[in-house]
>>> print(open('my_file.cif').read())   # mmCIF, C-alpha atoms
data_upload
loop_
_atom_site.label_atom_id
_atom_site.label_comp_id
_atom_site.auth_asym_id
_atom_site.auth_seq_id
_atom_site.Cartn_x
_atom_site.Cartn_y
_atom_site.Cartn_z
CA MET A 533 44.69 -45.87 -38.66
CA GLY A 534 45.47 -45.56 -34.96
CA VAL A 535 43.43 -46.25 -31.86
CA LEU A 536 44.66 -43.15 -30.01
CA THR A 537 42.44 -40.11 -30.49
CA PRO A 538 43.59 -36.51 -29.94
CA GLU A 539 41.32 -36.48 -26.87
CA LEU A 540 43.21 -39.43 -25.36
CA LEU A 541 46.62 -37.97 -26.19
CA ALA A 542 45.57 -34.69 -24.52
CA ASN A 543 45.92 -36.57 -21.18
CA ILE A 544 49.71 -36.61 -21.53
CA GLY A 545 51.14 -34.33 -18.87
CA LYS A 546 48.25 -34.84 -16.46
CA ALA A 547 49.40 -35.12 -12.82
CA ALA A 548 47.74 -36.62 -9.76
CA PRO A 549 47.61 -34.54 -6.56
CA PRO A 550 50.89 -34.96 -4.59
CA ARG A 551 50.71 -37.37 -1.67
CA THR A 552 52.70 -37.06 1.52
CA GLU A 553 53.60 -40.23 3.41
CA VAL A 554 55.66 -40.95 6.53
CA VAL A 555 58.22 -43.77 6.52
CA THR A 556 57.96 -45.81 9.73
CA ARG A 557 60.16 -48.55 11.13
CA ARG A 558 57.09 -50.75 11.58
CA ASP A 559 56.08 -50.48 7.92
CA ILE A 560 59.66 -51.08 6.72
CA ARG A 561 59.83 -54.22 8.89
CA LYS A 562 56.54 -55.52 7.50
CA TYR A 563 57.71 -54.88 3.95
CA ALA A 564 61.09 -56.51 4.56
CA ILE A 565 59.51 -59.65 6.06
CA ALA A 566 56.92 -59.84 3.26
CA THR A 567 59.64 -59.72 0.59
CA ASN A 568 61.80 -62.48 2.14
CA GLN A 569 64.49 -59.88 2.79
CA ARG A 570 67.73 -61.28 4.24
CA GLN A 571 69.59 -58.11 5.29
CA ARG A 572 69.33 -57.29 8.97
CA LYS A 573 69.27 -53.47 8.49
CA TYR A 574 66.04 -53.85 6.52
CA LEU A 575 64.46 -56.53 8.74
CA ASP A 576 65.14 -54.27 11.74
CA GLY A 577 63.74 -51.26 9.88
CA ASP A 578 66.87 -49.13 10.19
CA GLU A 579 66.63 -48.30 6.49
CA ALA A 580 64.07 -49.06 3.77
CA PRO A 581 64.85 -51.51 0.93
CA PRO A 582 65.08 -50.01 -2.57
CA LEU A 583 61.60 -51.14 -3.68
CA TYR A 584 59.88 -50.00 -0.49
CA HIS A 585 58.48 -46.88 -2.19
CA VAL A 586 56.21 -49.20 -4.23
CA ALA A 587 54.35 -50.04 -1.00
CA LEU A 588 54.59 -46.53 0.45
CA PHE A 589 52.87 -44.94 -2.55
CA TRP A 590 50.40 -47.72 -3.47
CA ASP A 591 46.94 -46.15 -3.41
CA VAL A 592 45.03 -46.63 -0.15
CA VAL A 593 41.47 -47.06 -1.39
CA GLU A 594 38.20 -47.80 0.38
CA LEU A 595 36.39 -51.10 -0.18
CA GLY A 596 33.66 -49.49 -2.27
CA GLU A 597 36.28 -48.08 -4.66
CA LEU A 598 37.52 -51.51 -5.72
CA THR A 599 36.36 -53.18 -8.94
CA PRO A 600 34.91 -56.73 -8.60
CA ASP A 601 38.38 -58.18 -9.31
CA GLY A 602 39.77 -56.21 -6.37
CA VAL A 603 41.66 -53.59 -8.35
CA SER A 604 41.53 -49.89 -7.61
CA ILE A 605 40.82 -47.57 -10.51
CA ASP A 606 43.71 -45.24 -11.29
CA ALA A 607 42.11 -41.81 -11.66
CA LEU A 608 45.21 -40.53 -13.47
CA LEU A 609 44.48 -42.71 -16.50
CA PRO A 610 41.92 -42.02 -19.22
CA LYS A 611 39.58 -44.76 -20.45
CA PHE A 612 41.68 -46.55 -23.06
CA PRO A 613 40.08 -48.34 -26.04
CA LEU A 614 42.15 -51.46 -25.16
CA ASP A 615 41.94 -52.84 -21.64
CA LYS A 616 43.78 -56.17 -21.46
CA ALA A 617 46.98 -55.46 -19.52
CA MET A 618 50.15 -57.13 -20.77
CA ALA A 619 53.70 -56.80 -19.44
CA GLY A 620 54.64 -53.92 -17.25
CA GLY A 621 58.04 -52.60 -16.36
CA LEU A 622 59.68 -50.25 -13.89
CA ASN A 623 62.77 -48.09 -14.24
CA ILE A 624 63.88 -46.68 -10.90
CA THR A 625 66.63 -44.13 -10.29
CA TYR A 626 67.87 -43.65 -6.73
CA HIS A 627 69.02 -40.23 -5.52
CA ASP A 628 68.87 -40.95 -1.79
CA ARG A 629 67.85 -43.67 0.66
CA MET A 630 64.65 -43.87 2.74
CA ARG A 631 64.79 -44.14 6.54
CA PRO A 632 62.30 -44.21 9.42
CA GLY A 633 60.94 -40.74 10.12
CA ASP A 634 61.35 -39.51 6.55
CA VAL A 635 58.41 -37.49 5.27
CA LEU A 636 58.20 -38.10 1.53
CA VAL A 637 56.08 -36.48 -1.15
CA GLY A 638 55.11 -38.53 -4.19
CA GLU A 639 53.78 -36.98 -7.37
CA ARG A 640 52.62 -39.08 -10.32
CA THR A 641 52.48 -37.73 -13.87
CA LEU A 642 51.18 -39.46 -17.00
CA THR A 643 54.18 -38.67 -19.21
CA ASP A 644 53.46 -40.55 -22.44
CA ILE A 645 50.86 -42.49 -24.41
CA TYR A 646 51.76 -44.11 -27.73
CA GLU A 647 50.82 -47.10 -29.83
CA LYS A 648 52.60 -49.79 -31.81
CA GLU A 649 51.31 -52.46 -34.13
CA GLY A 650 51.63 -55.87 -32.46
CA ARG A 651 51.42 -59.28 -34.13
CA SER A 652 47.72 -59.60 -33.29
CA GLY A 653 46.67 -55.97 -33.46
CA PRO A 654 47.40 -52.58 -31.95
CA LEU A 655 49.13 -52.15 -28.60
CA ILE A 656 48.85 -49.09 -26.39
CA PHE A 657 51.83 -48.10 -24.25
CA TYR A 658 51.63 -45.58 -21.45
CA GLU A 659 54.21 -44.23 -19.04
CA VAL A 660 53.70 -42.85 -15.54
CA VAL A 661 56.54 -41.13 -13.68
CA LEU A 662 56.52 -41.07 -9.89
CA GLU A 663 58.81 -38.42 -8.41
CA VAL A 664 59.53 -38.99 -4.71
CA ARG A 665 61.02 -35.98 -2.95
CA ARG A 666 61.64 -34.71 0.55
CA GLN A 667 59.55 -31.79 1.72
CA ASP A 668 62.41 -29.43 0.86
CA GLY A 669 62.16 -30.67 -2.73
CA SER A 670 65.34 -32.74 -2.79
CA PRO A 671 64.89 -35.86 -4.94
CA VAL A 672 64.82 -39.36 -3.42
CA ILE A 673 63.51 -41.64 -6.19
CA THR A 674 62.42 -41.22 -9.81
CA GLU A 675 60.35 -44.18 -11.01
CA LYS A 676 59.00 -44.66 -14.52
CA THR A 677 56.33 -47.32 -15.02
CA THR A 678 55.60 -48.52 -18.54
CA ARG A 679 52.46 -50.57 -19.19
CA ILE A 680 51.19 -52.25 -22.32
CA LEU A 681 47.51 -52.78 -23.19
CA ARG A 682 46.13 -54.97 -25.96
CA MET B 88 83.14 -62.01 1.14
CA SER B 89 85.96 -59.61 0.34
CA LYS B 90 84.96 -56.10 -0.66
CA LEU B 91 84.23 -55.56 -4.34
CA ARG B 92 86.63 -53.36 -6.28
CA VAL B 93 85.73 -52.02 -9.69
CA ALA B 94 89.21 -52.77 -11.09
CA ALA B 95 88.78 -56.46 -10.32
CA LEU B 96 85.40 -56.83 -12.05
CA GLN B 97 84.84 -57.94 -15.61
CA PRO B 98 81.88 -58.69 -17.84
CA GLY B 99 80.54 -62.17 -17.20
CA ASP B 100 81.30 -62.19 -13.46
CA GLU B 101 78.27 -63.76 -11.82
CA LEU B 102 76.29 -62.55 -8.83
CA PRO B 103 75.38 -65.22 -6.26
CA ALA B 104 71.90 -66.51 -7.09
CA GLN B 105 69.09 -66.23 -4.54
CA ILE B 106 66.27 -68.77 -4.31
CA HIS B 107 62.70 -67.81 -3.42
CA LYS B 108 59.76 -70.13 -2.90
CA PRO B 109 56.91 -67.85 -1.82
CA ASP B 110 53.86 -69.37 -0.15
CA ASN B 111 50.36 -68.05 0.55
CA VAL B 112 51.46 -66.43 3.80
CA GLN B 113 54.28 -64.47 2.22
CA LEU B 114 52.09 -63.34 -0.68
CA PHE B 115 49.36 -62.33 1.78
CA PHE B 116 51.85 -60.26 3.78
CA TYR B 117 53.21 -58.65 0.62
CA ASN B 118 49.85 -57.57 -0.74
CA ALA B 119 48.73 -56.43 2.71
CA ALA B 120 51.89 -54.28 2.99
CA LEU B 121 50.93 -52.62 -0.31
CA TRP B 122 47.14 -52.55 0.23
CA ASN B 123 46.73 -54.54 -2.99
CA ALA B 124 43.38 -56.37 -3.14
CA HIS B 125 43.70 -57.85 -6.65
CA ARG B 126 41.96 -61.23 -6.40
CA ILE B 127 44.47 -63.07 -8.60
CA HIS B 128 46.86 -62.99 -5.61
CA TYR B 129 44.62 -64.66 -2.97
CA ASP B 130 41.29 -65.87 -4.43
CA LEU B 131 42.16 -69.22 -6.01
CA PRO B 132 38.75 -69.95 -7.64
CA TYR B 133 38.79 -66.44 -9.13
CA ALA B 134 42.38 -66.74 -10.37
CA THR B 135 41.78 -70.12 -12.00
CA ASP B 136 38.11 -70.16 -13.06
CA VAL B 137 37.62 -66.51 -14.02
CA GLU B 138 41.09 -65.37 -15.09
CA GLY B 139 42.31 -68.75 -16.32
CA TYR B 140 45.60 -68.79 -14.41
CA PRO B 141 47.04 -72.13 -13.22
CA GLY B 142 47.31 -70.80 -9.65
CA LEU B 143 47.67 -67.75 -7.44
CA VAL B 144 49.82 -65.16 -9.19
CA ILE B 145 52.96 -63.77 -7.54
CA ALA B 146 52.75 -59.97 -7.53
CA GLY B 147 54.95 -58.40 -10.22
CA PRO B 148 56.80 -55.85 -8.07
CA LEU B 149 57.77 -58.61 -5.62
CA LEU B 150 59.86 -60.11 -8.43
CA GLY B 151 61.42 -56.68 -8.95
CA ASP B 152 62.28 -56.51 -5.24
CA TRP B 153 64.10 -59.83 -5.50
CA LEU B 154 66.28 -58.42 -8.29
CA GLY B 155 67.15 -55.53 -5.99
CA GLN B 156 67.98 -57.96 -3.19
CA CYS B 157 70.20 -60.01 -5.50
CA VAL B 158 72.18 -56.87 -6.40
CA GLU B 159 72.50 -55.61 -2.84
CA ALA B 160 73.58 -59.00 -1.44
CA TRP B 161 76.44 -58.99 -3.96
CA LEU B 162 77.25 -55.30 -3.52
CA GLY B 163 77.28 -55.24 0.27
CA GLU B 164 78.69 -51.96 1.59
CA ALA B 165 81.04 -51.59 -1.39
CA GLY B 166 78.79 -49.21 -3.28
CA GLU B 167 75.24 -48.18 -3.97
CA LEU B 168 72.37 -48.96 -6.29
CA VAL B 169 71.89 -46.09 -8.76
CA ASN B 170 69.28 -47.50 -11.13
CA LEU B 171 67.17 -50.64 -11.35
CA GLU B 172 64.89 -51.57 -14.22
CA TYR B 173 62.88 -54.70 -14.86
CA SER B 174 60.02 -55.96 -16.97
CA ASN B 175 57.35 -58.46 -15.88
CA ARG B 176 57.21 -60.59 -19.05
CA GLY B 177 55.69 -63.77 -17.66
CA ALA B 178 53.67 -64.74 -14.60
CA ALA B 179 54.86 -66.82 -11.64
CA TYR B 180 52.64 -68.83 -9.31
CA ILE B 181 52.53 -69.98 -5.69
CA GLY B 182 54.39 -73.27 -5.40
CA GLU B 183 57.09 -72.37 -7.92
CA THR B 184 60.73 -72.06 -6.95
CA LEU B 185 62.16 -68.89 -8.47
CA THR B 186 65.78 -67.89 -8.85
CA ALA B 187 67.08 -64.31 -8.87
CA ALA B 188 70.47 -64.07 -10.54
CA GLY B 189 72.65 -61.82 -12.63
CA ALA B 190 76.06 -61.06 -14.05
CA VAL B 191 78.30 -58.10 -14.75
CA GLU B 192 77.47 -56.72 -18.19
CA ALA B 193 79.80 -53.72 -18.40
CA VAL B 194 82.37 -51.94 -16.25
CA ASP B 195 83.14 -48.22 -16.43
CA ALA B 196 86.28 -48.07 -14.30
CA ALA B 197 86.69 -44.28 -14.70
CA LYS B 198 83.25 -43.61 -13.22
CA GLY B 199 83.33 -46.57 -10.86
CA GLU B 200 80.06 -47.74 -12.40
CA VAL B 201 79.04 -51.30 -13.16
CA THR B 202 76.08 -52.42 -15.26
CA LEU B 203 74.48 -55.72 -14.24
CA ALA B 204 72.19 -57.92 -16.31
CA LEU B 205 69.58 -59.51 -14.03
CA HIS B 206 66.77 -61.99 -14.24
CA ILE B 207 64.18 -64.04 -12.38
CA ARG B 208 64.04 -67.58 -13.77
CA ASN B 209 61.32 -70.15 -13.04
CA GLU B 210 61.70 -73.91 -12.61
CA ALA B 211 61.01 -74.50 -16.30
CA GLY B 212 64.06 -72.36 -17.06
CA ASP B 213 62.12 -69.44 -18.52
CA ILE B 214 63.25 -65.91 -17.74
CA ILE B 215 60.03 -64.30 -16.55
CA THR B 216 61.50 -61.02 -15.33
CA PRO B 217 64.57 -59.65 -17.11
CA GLY B 218 66.20 -56.60 -15.60
CA ARG B 219 69.26 -54.43 -15.41
CA ALA B 220 70.95 -52.44 -12.67
CA LEU B 221 73.56 -49.72 -12.47
CA VAL B 222 75.68 -49.61 -9.33
CA ARG B 223 78.40 -47.19 -8.29
CA LEU B 224 81.31 -48.60 -6.32
CA HIS B 225 83.20 -46.60 -3.74
CA GLY B 226 86.58 -47.96 -4.75
#
>>> encode(input="my_file.cif", output="structure tokens")
Amino acid sequence: MGVLTPELLANIGKAAPPRTEVVTRRDIRKYAIATNQRQRKYLDGDEAPPLYHVALFWDVVELGELTPDGVSIDALLPKFPLDKAMAGGLNITYHDRMRPGDVLVGERTLTDIYEKEGRSGPLIFYEVVLEVRRQDGSPVITEKTTRILR
Amino acid sequence: MSKLRVAALQPGDELPAQIHKPDNVQLFFYNAALWNAHRIHYDLPYATDVEGYPGLVIAGPLLGDWLGQCVEAWLGEAGELVNLEYSNRGAAYIGETLTAAGAVEAVDAAKGEVTLALHIRNEAGDIITPGRALVRLHG
């Protein structure tokens, strides 16, 4: 007997509205300093480090939209019957690099929901794919996030 | 460091390790750069009393960034990062010294591609963030 209902599984394929963001030297520099980056091209903001897209496409939410623990609610996700987050993982494929002045479009899609039986009960897995492209559609980054709930 | 060549690489070759000891200021900057307000990263009473953590939690994707840095420091201008994957299996806390390291796992000389096994290890010796990268060398 599973915890995933047909109604929950019907959310697979749901996409969030695309977001367009501008890469700036100032933001790259802040990110590079914050990550203890050692390469000068990143500290100077000439190019963005490989994980910079994580900051660029993190949701900018208003104070009233935060839960009491300071987390923003991801509108792409349904209400799952399990809510304790366990390990998460990222798988990132690079097609191109990010530089100051780039205008990038990010589109997130909920690509899978499935469950497995863990040692202490059911586990829900879900996957969200973020496609980062240029405005002409050429791919820059494909990122798949996998999260586990218990 | 001399330029890496795919023909000279073999499984087991180690990447130079990088040490990180993040403090409150660095973690503040990191979460500000993301716009991440999760209290476990800056509100010590909340992190310990409410969530039961031993301290302020290092943000998961920061550990992933350090794996990327470890790869790129080794790679230099000899090639490019094609894929990076990692999994946040265990938490790390402010005050800990963390080591990003890795080794060559496989070499595909025909394609010029090298697979690297990566990890973040804490002071207790536990691998808290295992990962893997695929790089393509120019020569």
>>> closest_atom_pairs(input="my_file.cif", of="chain A", to="chain B", cutoff="7 Å", atoms="all atoms listed in the file", output="Markdown table")
| residue | atom | partner | partner_atom | distance |
| --- | --- | --- | --- | --- |
| A:Lys562 | CA | B:Ala120 | CA | 6.6 |
| A:Tyr563 | CA | B:Ala120 | CA | 5.9 |
| A:Ala566 | CA | B:Tyr117 | CA | 4.7 |
| A:Thr567 | CA | B:Tyr117 | CA | 6.5 |
| A:Pro582 | CA | B:Gly155 | CA | 6.8 |
| A:Leu583 | CA | B:Asp152 | CA | 5.6 |
| A:Ala587 | CA | B:Leu121 | CA | 4.3 |
| A:Trp590 | CA | B:Leu121 | CA | 5.9 |
| A:Val592 | CA | B:Trp122 | CA | 6.3 |
| A:Asp601 | CA | B:Arg126 | CA | 5.5 |
| A:Gly602 | CA | B:His125 | CA | 4.3 |
| A:Val603 | CA | B:His125 | CA | 5.0 |
| A:Ala619 | CA | B:Arg176 | CA | 5.2 |
| A:Gly620 | CA | B:Asn175 | CA | 5.5 |
| A:Gly621 | CA | B:Ser174 | CA | 3.9 |
| A:Leu622 | CA | B:Glu172 | CA | 5.4 |
| A:Asn623 | CA | B:Glu172 | CA | 4.1 |
| A:Ile624 | CA | B:Leu171 | CA | 5.2 |
| A:Thr625 | CA | B:Asn170 | CA | 4.4 |
| A:Tyr626 | CA | B:Val169 | CA | 5.1 |
>>> residues_around(input="my_file.cif", residues="Leu681 in chain A", least_positions_apart="3", cutoff="7 Å", atoms="all atoms listed in the file", output="list in words")
Leu614, Asp615, Lys616, Ala617, Met618, Leu655, Ile656 and Phe657 of chain A
>>> residues_around(input="my_file.cif", residues="Ser670 in chain A", least_positions_apart="6", cutoff="10 Å", atoms="all atoms listed in the file", output="ChimeraX atom specification")
/A:627-628,636,664
>>> residues_near_point(input="my_file.cif", point="(74.6, -63.6, -13.0)", cutoff="8 Å", atoms="all atoms listed in the file", output="list in words")
Gly99, Asp100, Glu101, Leu102, Pro103, Ala104, Ala188, Gly189, Ala190, Val191, Leu203, Ala204 and Leu205 of chain B
>>> residues_around(input="my_file.cif", residues="Asp195 in chain B", least_positions_apart="5", cutoff="12 Å", atoms="all atoms listed in the file", output="list in words")
Arg92, Val93, Ala94, Ala95, Leu96, Gln97, Pro98, Glu200, Val201, Thr202, Leu203, Leu221, Val222, Arg223 and Leu224 of chain B
>>> resolve_selection(input="my_file.cif", expression="the PyMOL selection byres ((chain A and resi 576) around 10)", output="list in words")
Arg557, Arg558, Ile560, Arg561, Lys562, Ala564, Ile565, Gln571, Arg572, Lys573, Tyr574, Leu575, Gly577, Asp578, Glu579 and Ala580 of chain A
>>> build_atoms(input="my_file.cif", residues="range 597-608 of chain A", atoms="all heavy atoms", output="PDB file, in the coordinates of the input")
ATOM      1  N   GLU A 597      35.588 -48.609  -3.480  1.00  0.00           N
ATOM      2  CA  GLU A 597      36.280 -48.080  -4.660  1.00  0.00           C
ATOM      3  C   GLU A 597      36.943 -49.172  -5.485  1.00  0.00           C
ATOM      4  O   GLU A 597      37.543 -48.890  -6.518  1.00  0.00           O
ATOM      5  CB  GLU A 597      37.351 -47.065  -4.223  1.00  0.00           C
ATOM      6  CG  GLU A 597      36.783 -45.840  -3.526  1.00  0.00           C
ATOM      7  CD  GLU A 597      37.875 -44.935  -2.972  1.00  0.00           C
ATOM      8  OE1 GLU A 597      38.788 -45.434  -2.279  1.00  0.00           O
ATOM      9  OE2 GLU A 597      37.822 -43.736  -3.236  1.00  0.00           O
ATOM     10  N   LEU A 598      36.882 -50.410  -5.006  1.00  0.00           N
ATOM     11  CA  LEU A 598      37.520 -51.510  -5.720  1.00  0.00           C
ATOM     12  C   LEU A 598      36.571 -52.067  -6.790  1.00  0.00           C
ATOM     13  O   LEU A 598      35.369 -52.144  -6.592  1.00  0.00           O
ATOM     14  CB  LEU A 598      37.897 -52.634  -4.750  1.00  0.00           C
ATOM     15  CG  LEU A 598      38.933 -52.287  -3.689  1.00  0.00           C
ATOM     16  CD1 LEU A 598      39.006 -53.410  -2.648  1.00  0.00           C
ATOM     17  CD2 LEU A 598      40.298 -52.073  -4.326  1.00  0.00           C
ATOM     18  N   THR A 599      37.150 -52.487  -7.920  1.00  0.00           N
ATOM     19  CA  THR A 599      36.360 -53.180  -8.940  1.00  0.00           C
ATOM     20  C   THR A 599      36.109 -54.615  -8.445  1.00  0.00           C
ATOM     21  O   THR A 599      36.748 -55.060  -7.478  1.00  0.00           O
ATOM     22  CB  THR A 599      37.115 -53.213 -10.273  1.00  0.00           C
ATOM     23  OG1 THR A 599      38.345 -53.904 -10.058  1.00  0.00           O
ATOM     24  CG2 THR A 599      37.416 -51.802 -10.776  1.00  0.00           C
ATOM     25  N   PRO A 600      35.191 -55.368  -9.090  1.00  0.00           N
ATOM     26  CA  PRO A 600      34.910 -56.730  -8.600  1.00  0.00           C
ATOM     27  C   PRO A 600      36.150 -57.636  -8.543  1.00  0.00           C
ATOM     28  O   PRO A 600      36.203 -58.568  -7.735  1.00  0.00           O
ATOM     29  CB  PRO A 600      33.901 -57.258  -9.628  1.00  0.00           C
ATOM     30  CG  PRO A 600      33.206 -56.036 -10.120  1.00  0.00           C
ATOM     31  CD  PRO A 600      34.259 -54.957 -10.152  1.00  0.00           C
ATOM     32  N   ASP A 601      37.167 -57.350  -9.383  1.00  0.00           N
ATOM     33  CA  ASP A 601      38.380 -58.180  -9.310  1.00  0.00           C
ATOM     34  C   ASP A 601      39.362 -57.678  -8.246  1.00  0.00           C
ATOM     35  O   ASP A 601      40.466 -58.205  -8.125  1.00  0.00           O
ATOM     36  CB  ASP A 601      39.056 -58.310 -10.683  1.00  0.00           C
ATOM     37  CG  ASP A 601      39.450 -56.982 -11.288  1.00  0.00           C
ATOM     38  OD1 ASP A 601      39.087 -55.934 -10.706  1.00  0.00           O
ATOM     39  OD2 ASP A 601      40.128 -56.979 -12.330  1.00  0.00           O
ATOM     40  N   GLY A 602      38.943 -56.652  -7.491  1.00  0.00           N
ATOM     41  CA  GLY A 602      39.770 -56.210  -6.370  1.00  0.00           C
ATOM     42  C   GLY A 602      40.802 -55.159  -6.719  1.00  0.00           C
ATOM     43  O   GLY A 602      41.684 -54.856  -5.921  1.00  0.00           O
ATOM     44  N   VAL A 603      40.681 -54.588  -7.907  1.00  0.00           N
ATOM     45  CA  VAL A 603      41.660 -53.590  -8.350  1.00  0.00           C
ATOM     46  C   VAL A 603      41.100 -52.197  -8.107  1.00  0.00           C
ATOM     47  O   VAL A 603      39.907 -51.972  -8.242  1.00  0.00           O
ATOM     48  CB  VAL A 603      41.978 -53.797  -9.856  1.00  0.00           C
ATOM     49  CG1 VAL A 603      42.875 -52.702 -10.382  1.00  0.00           C
ATOM     50  CG2 VAL A 603      42.606 -55.163 -10.066  1.00  0.00           C
ATOM     51  N   SER A 604      41.975 -51.273  -7.754  1.00  0.00           N
ATOM     52  CA  SER A 604      41.530 -49.890  -7.610  1.00  0.00           C
ATOM     53  C   SER A 604      41.705 -49.179  -8.954  1.00  0.00           C
ATOM     54  O   SER A 604      42.633 -49.448  -9.705  1.00  0.00           O
ATOM     55  CB  SER A 604      42.331 -49.179  -6.528  1.00  0.00           C
ATOM     56  OG  SER A 604      43.693 -49.155  -6.858  1.00  0.00           O
ATOM     57  N   ILE A 605      40.777 -48.289  -9.242  1.00  0.00           N
ATOM     58  CA  ILE A 605      40.820 -47.570 -10.510  1.00  0.00           C
ATOM     59  C   ILE A 605      41.780 -46.388 -10.383  1.00  0.00           C
ATOM     60  O   ILE A 605      41.691 -45.612  -9.439  1.00  0.00           O
ATOM     61  CB  ILE A 605      39.408 -47.100 -10.900  1.00  0.00           C
ATOM     62  CG1 ILE A 605      38.534 -48.339 -11.172  1.00  0.00           C
ATOM     63  CG2 ILE A 605      39.445 -46.186 -12.113  1.00  0.00           C
ATOM     64  CD1 ILE A 605      37.062 -48.063 -11.244  1.00  0.00           C
ATOM     65  N   ASP A 606      42.723 -46.309 -11.308  1.00  0.00           N
ATOM     66  CA  ASP A 606      43.710 -45.240 -11.290  1.00  0.00           C
ATOM     67  C   ASP A 606      43.123 -44.004 -11.962  1.00  0.00           C
ATOM     68  O   ASP A 606      42.979 -43.949 -13.181  1.00  0.00           O
ATOM     69  CB  ASP A 606      44.974 -45.715 -12.029  1.00  0.00           C
ATOM     70  CG  ASP A 606      46.117 -44.716 -11.916  1.00  0.00           C
ATOM     71  OD1 ASP A 606      45.872 -43.577 -11.470  1.00  0.00           O
ATOM     72  OD2 ASP A 606      47.251 -45.090 -12.256  1.00  0.00           O
ATOM     73  N   ALA A 607      42.795 -43.008 -11.154  1.00  0.00           N
ATOM     74  CA  ALA A 607      42.110 -41.810 -11.660  1.00  0.00           C
ATOM     75  C   ALA A 607      42.995 -40.988 -12.599  1.00  0.00           C
ATOM     76  O   ALA A 607      42.506 -40.122 -13.315  1.00  0.00           O
ATOM     77  CB  ALA A 607      41.658 -40.941 -10.493  1.00  0.00           C
ATOM     78  N   LEU A 608      44.297 -41.268 -12.587  1.00  0.00           N
ATOM     79  CA  LEU A 608      45.210 -40.530 -13.470  1.00  0.00           C
ATOM     80  C   LEU A 608      45.051 -40.956 -14.930  1.00  0.00           C
ATOM     81  O   LEU A 608      45.360 -40.188 -15.835  1.00  0.00           O
ATOM     82  CB  LEU A 608      46.656 -40.773 -13.000  1.00  0.00           C
ATOM     83  CG  LEU A 608      47.773 -40.044 -13.736  1.00  0.00           C
ATOM     84  CD1 LEU A 608      47.595 -38.527 -13.646  1.00  0.00           C
ATOM     85  CD2 LEU A 608      49.126 -40.457 -13.167  1.00  0.00           C
TER      86      LEU A 608
END
